[in-house]
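Report on one structure; see the data block that follows.
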Protein chains: 2
Amino acid sequence: MDRPVVPLGRPRTERADAKRNRLRLLAVVREMLEECGAEHVTMDALAERAGLGKGTVFRRFGSRAGIFKALLEEEARRFQELVLSGPPPLGPGAGPAERLIAYGRVRIGFLTDNLAVARAAMDRDVAAPAVEVDMTRLHIRMLLGQADLGVRDVEGLALQLSAALEGPLLLYMASPQALTDARDGGAMRLADAWQDLVERLFRAGPEQPPRGPE
Amino acid sequence: MDRPVVPLGRPRTERADAKRNRLRLLAVVREMLEECGAEHVTMDALAERAGLGKGTVFRRFGSRAGIFKALLEEEARRFQELVLSGPPPLGPGAGPAERLIAYGRVRIGFLTDNLAVARAAMDRDVAAPAVEVDMTRLHIRMLLGQADLGVRDVEGLALQLSAALEGPLLLYMASPQALTDARDGGAMRLADAWQDLVERLFRAGPEQPPRGPE
C-alpha cells in the first residue's frame, strides 16, 4: 500500500450537505466552462445558473479566482486518488518505471487540460495551488525507493526528476501557444521526453564505484 | 569551437575608461563584501571608499541593488568565458559528459558563492538576473549534441536537464540554511547528485526502438 502523498484541499470533517453543495456548484462551473469558456464564469453568472443567492456563492468561494481554485483542488484530489488507489499503471500494481512514466503523462495531461482554469485561478488575492509539485516529488521518491536503482542519493534524484518534469511543464504552460495547442502538440512532446528520460535512467543499471575521471 | 552561449551584460562598445572605472568600482565592492558583508555595501559607503562622488556611483549603478546586479553580471561573464574558452573539463577539450558534470559543479559553486550578492541584487526596482538559466539550457543542448546519445528529442532532454540542475539549486538557495551552510554541505550534495544523474544518463546507451510495455 502506498503511503498518502500530501493532504490536499479541505479537511475531511466537511459536513455532508456542505460537500454536496460544493460538488454541485463545481459541476455547474464545469458546465459553464465547457459551454462558454472561463471568461464567462463570474460570481453572478454562477449564482444565477445554480439557482443560489450571490451571497452563498461568495461565502463558498470568496472571489472569482476562488471558484477556479476550488475546481483545481477538486481535480487535484481526483488525480491524487487515481495515483494512490486507481488502476495501474498510474495506480499501484505496475512496476516503478511504468508508474513513473504514467505519472508524468497523466500529470502533463491534467495540467494542460486545466490550463485555462489554472490561469484563471491565479490572481492577486489567491495564491496559485503549488501543492502538487511537492506531491510529484514525494511520489517519485516513493517509486524510486521501490525501484532500488542503486542510487547514492535517492532524495536528490527525486528532486531532480520532479524539476525535470515540472520545470519544462511550467515553461510550456506559460508559453503563448499552450492555450491554443492541441493536446497532441507540445504537451505530447513533453510526455514523450519524460518517458524517454525515465526509461534511460532505469536502463543505466546500478551506480559504478569507484568513480574516477572518464 | 563552441558557439557563443548568450549575450550577457553591457555591449562591447563600452569605452575603455568607463570599463576601467566600472571594474575598479566592482573590485572595491568585492573588498567591502569580504571585509564587512553585503549589508554594509551602500551607495554612500562605496562612493567614500572609492574616492568618488555619490553622483558618479549613482549614475553607474542606479540603486544599491544595481551594485550587486552589476557584480553578478561581471561574475557571470567570467563564468561564461571559462565555459566557452577556459581550461577543460569546464572549457573545451574534455568529453561531453565530463563537461556537463563540470558545468553543473561550477555553476552550483558560482551560485552558492554569490548567494548573498544574488539576494541583495533582488529588489523591487531591479529584476533578478535570470539569463544564466537560458545559458545552462543552451550549453547542455550543445554538449548533448556532441555526445550523440541517440536521444529522440535532444531539445527536450536539454530542457529537462537544465530544470534538474537549476530547480533543486533554486530551492536550495531559497532555503534558510543555504546562507550558513559550508560549501561542502548542501551545495556539495547537489553537485554529487548532478554528477550521478549525468553519469547514469550517459551510461544508458542509445534509445531502444520499438517501445512497448515493460
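Labels for the C-alpha cells follow display order: chains A, B, ..., residues from 1 in each chain, ligands from 1.
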Expected answer as a PyMOL selection string: chain B residues within 6 Å of chain A, only C-alpha atoms: chain B and resi 156+160+163-164+167+193+200-201+203-204
Keeping only N, CA and C atoms, write the selected residues as a compact mmCIF listing (two decimals), in the first residue's frame.
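Saved file out_39.txt follows:
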# COMPACT_ATOMS: atom_id res chain seq x y z
N GLY B 156 14.30 18.52 -25.81
CA GLY B 156 13.52 18.16 -24.62
C GLY B 156 14.41 17.72 -23.48
N GLN B 160 14.92 19.36 -19.76
CA GLN B 160 14.76 18.58 -18.53
C GLN B 160 16.00 18.67 -17.66
N ALA B 163 16.39 21.99 -15.99
CA ALA B 163 15.48 22.07 -14.83
C ALA B 163 16.01 21.21 -13.69
N ALA B 164 16.56 20.04 -14.01
CA ALA B 164 17.08 19.15 -12.97
C ALA B 164 18.28 19.77 -12.26
N GLY B 167 16.54 23.71 -10.85
CA GLY B 167 15.41 23.65 -9.92
C GLY B 167 15.85 23.37 -8.50
N ALA B 193 24.80 14.83 -6.70
CA ALA B 193 23.58 14.30 -7.31
C ALA B 193 23.55 14.62 -8.80
N ARG B 200 24.64 8.51 -15.06
CA ARG B 200 23.62 7.49 -15.30
C ARG B 200 23.02 7.64 -16.70
N LEU B 201 22.75 8.87 -17.09
CA LEU B 201 22.16 9.11 -18.42
C LEU B 201 23.12 8.69 -19.54
N ARG B 203 25.46 6.48 -19.28
CA ARG B 203 25.73 5.06 -19.21
C ARG B 203 24.66 4.24 -19.93
N ALA B 204 23.47 4.82 -20.11
CA ALA B 204 22.32 4.03 -20.52
C ALA B 204 22.41 3.54 -21.97
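Counting only C-alpha atoms, Leu72 in chain A has the following residues at most 8 Å away, ignoring those fewer than 2 positions along the same chain: Phe68, Lys69, Ala70, Glu74, Glu75, Ala76, Asn114, Val117, Ala118 and Pro129 of chain A.
Nearest residue to Leu90 in chain A among A:Ile140, A:Ala178, A:Val29, A:Leu115 is A:Ile140, counting only C-alpha atoms.
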Exercise: range 33-42 of chain B partners within 12 Å, only C-alpha atoms, chain neighbours under 2 positions left out, as a VMD selection string: chain B and resid 25 to 31 44 to 50 54 57 to 58 61 to 68 71 113 to 121
Members of chain A assigned alpha helix (DSSP H) by DSSP, as a VMD selection string: chain A and resid 16 to 36 43 to 50 54 to 61 64 to 85 96 to 113 115 to 121 131 to 147 154 to 174 186 to 203
Residue neighbourhood Phe79 in chain B, 12 Å, only C-alpha atoms, exclusion window fewer than 4 positions, as a PyMOL selection string: chain B and resi 5+8+72-75+83-87+90-91+102-104+106-111+132+135-136
